[in-house]
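Worksheet: one structure, shown below.
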Amino acid sequence: MRPPHVYGYVRFVTGLGGVGMDVSRRLEQSLATDESRLAAGLIAEELARRRMTRQQLAAIAKISLSTLEKALSGRRPFTLATLVRLEEALTVSLRQRNSVAVNDVPPGLAPDGLGSYSRPAVAWMEGDYVTLRPSFSEPEAIYAYLTQIRWDQVASNLVFSESERIDAEYTQGGAVSAPHQSGHIYLVTNKHGQYRLIIVSRPTIRGELHGILTTLQVGRGAQLTPVATPIVLVPFKTVTSAEFGRIKHGHACYAPYRQLLKRTVEAPFALFLTGN
């Protein structure tokens, strides 16, 4: 799977673009100059914040690099279809508030489906996290990347996005659910009905979020296999020297990273059961 969101899906307002206008024609229409310029600025900001290249973004959004370059430079306006793909890839809204439907909830309050949390109640969660899990391809190695959690004004809920992945085409993103009943936090990716789910506990005293990842592992050819694995999100500011990628035995970060993952199972923050 790759990103990019329960929040990321765009629900169009009834009659968007004029009553009776064909949806496919609307998607291919170019945006107004001001709206296109606004989107370009937001995209440039997101690229800088995530330390992502334009080529990586084009690959994730499944658009040509040439199309992205021309739109960002102002040589050609964005089409609505291109902007929708970029919104899904970046998990942010790139259009003015009146261009998309918003949740029918008061500003600053997440919808019931995500736990009805208020922004002040979850403000502690916003930030960058070094994310660790076992490597799927090398069992003894640890896979490390960056996860950003922030509040999205348009969606009115927390969203997350990933970066610094060596397999950028599988970068994930989505909505954050924080219901009071379970006391756990859910990072949910829903891409055309294909889900990936991270369930983590409330933070430790150091702010670490330990839990379990359920996703699909890529096998030979097009084969995908369901897999569950321990995962931990560590506040970036608490990591002395963060490294990303596949961290192998002997690397300076290997021992502290492995200790964090071991704690997920040994505490235990997550249980892994096997049948008899």
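Order determines the names: the first chain of the structure tokens is A, the second B, and so forth; residues in each chain are numbered 1 upward, and ligands are numbered 1 upward as they are shown.
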
Excluding Pro268 of chain A and residues on its chain fewer than 5 positions from it, collect all residues at most 10 Å away from it, counting only C-alpha atoms, and give them as a ChimeraX atom specification.
/A:210-211,262-263

request  = Identify, on the basis of only C-alpha atoms, every residue whose closest approach to Ala123 of chain A does not exceed 10 Å; exclude the query and any residue fewer than 2 positions from it along the same chain; express the result as number ranges by chain.
outcome  = A: 118-121, 125-127, 149-151, 158

Residues from the last selection, N, CA and C atoms, saved as a PDB file, in the first residue's frame:
ATOM      1  N   SER A 118     -11.664  17.180  20.551  1.00  0.00           N
ATOM      2  CA  SER A 118     -11.421  18.587  20.249  1.00  0.00           C
ATOM      3  C   SER A 118      -9.936  18.793  19.982  1.00  0.00           C
ATOM      4  N   ARG A 119      -9.620  19.843  19.265  1.00  0.00           N
ATOM      5  CA  ARG A 119      -8.211  20.084  18.962  1.00  0.00           C
ATOM      6  C   ARG A 119      -7.373  20.293  20.233  1.00  0.00           C
ATOM      7  N   PRO A 120      -7.821  21.084  21.203  1.00  0.00           N
ATOM      8  CA  PRO A 120      -6.998  21.243  22.411  1.00  0.00           C
ATOM      9  C   PRO A 120      -6.717  19.928  23.128  1.00  0.00           C
ATOM     10  N   ALA A 121      -7.687  18.992  23.052  1.00  0.00           N
ATOM     11  CA  ALA A 121      -7.518  17.717  23.755  1.00  0.00           C
ATOM     12  C   ALA A 121      -6.446  16.842  23.128  1.00  0.00           C
ATOM     13  N   MET A 125      -0.443  15.609  20.643  1.00  0.00           N
ATOM     14  CA  MET A 125      -0.078  14.575  19.679  1.00  0.00           C
ATOM     15  C   MET A 125       0.563  15.154  18.415  1.00  0.00           C
ATOM     16  N   GLU A 126       0.368  16.427  18.153  1.00  0.00           N
ATOM     17  CA  GLU A 126       0.890  17.022  16.932  1.00  0.00           C
ATOM     18  C   GLU A 126       2.412  17.100  16.981  1.00  0.00           C
ATOM     19  N   GLY A 127       3.044  16.723  15.871  1.00  0.00           N
ATOM     20  CA  GLY A 127       4.492  16.778  15.802  1.00  0.00           C
ATOM     21  C   GLY A 127       5.070  15.702  14.905  1.00  0.00           C
ATOM     22  N   ILE A 149       2.183  14.087  12.490  1.00  0.00           N
ATOM     23  CA  ILE A 149       0.773  14.186  12.878  1.00  0.00           C
ATOM     24  C   ILE A 149       0.459  15.656  13.088  1.00  0.00           C
ATOM     25  N   ARG A 150      -0.607  16.122  12.462  1.00  0.00           N
ATOM     26  CA  ARG A 150      -0.973  17.530  12.596  1.00  0.00           C
ATOM     27  C   ARG A 150      -2.480  17.682  12.420  1.00  0.00           C
ATOM     28  N   TRP A 151      -2.969  18.851  12.780  1.00  0.00           N
ATOM     29  CA  TRP A 151      -4.397  19.147  12.659  1.00  0.00           C
ATOM     30  C   TRP A 151      -4.681  19.711  11.284  1.00  0.00           C
ATOM     31  N   LEU A 158      -7.249  15.343  13.220  1.00  0.00           N
ATOM     32  CA  LEU A 158      -5.834  15.069  13.058  1.00  0.00           C
ATOM     33  C   LEU A 158      -5.621  14.193  11.830  1.00  0.00           C
TER      34      LEU A 158
END

For segment 214-220 of chain A, find every residue with an atom within 8 Å (counting only C-alpha atoms), except residues of its own chain fewer than 2 positions away, and show them as a list of chain:residue names.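 Non-adjacent residues within range: A:Met1, A:Phe136, A:Tyr195, A:Arg196, A:Leu197, A:Ile198, A:Ile212, A:Ala222, A:Gln223, A:Leu224, A:Thr225, A:Pro226, A:Val227, A:Ala228, A:Thr229.
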
List the spatial neighbours of Val176 of chain A as a PyMOL selection string - criterion: any atom at most 12 Å away, only C-alpha atoms, same-chain residues fewer than 3 positions off excluded. chain A and resi 5-8+91+110-111+113-117+119+122+125-126+148-152+155-161+173+179+184-190+197-200

- Task: From the DSSP assignment of the backbone, select every residue of segment 8-246 of chain A that is helix (DSSP H, G or I), and format the answer as a PyMOL selection string.
- Result: chain A and resi 23-28+33-50+54-61+65-73+80-90+97-99+112-114+119-125+168-170+236-238
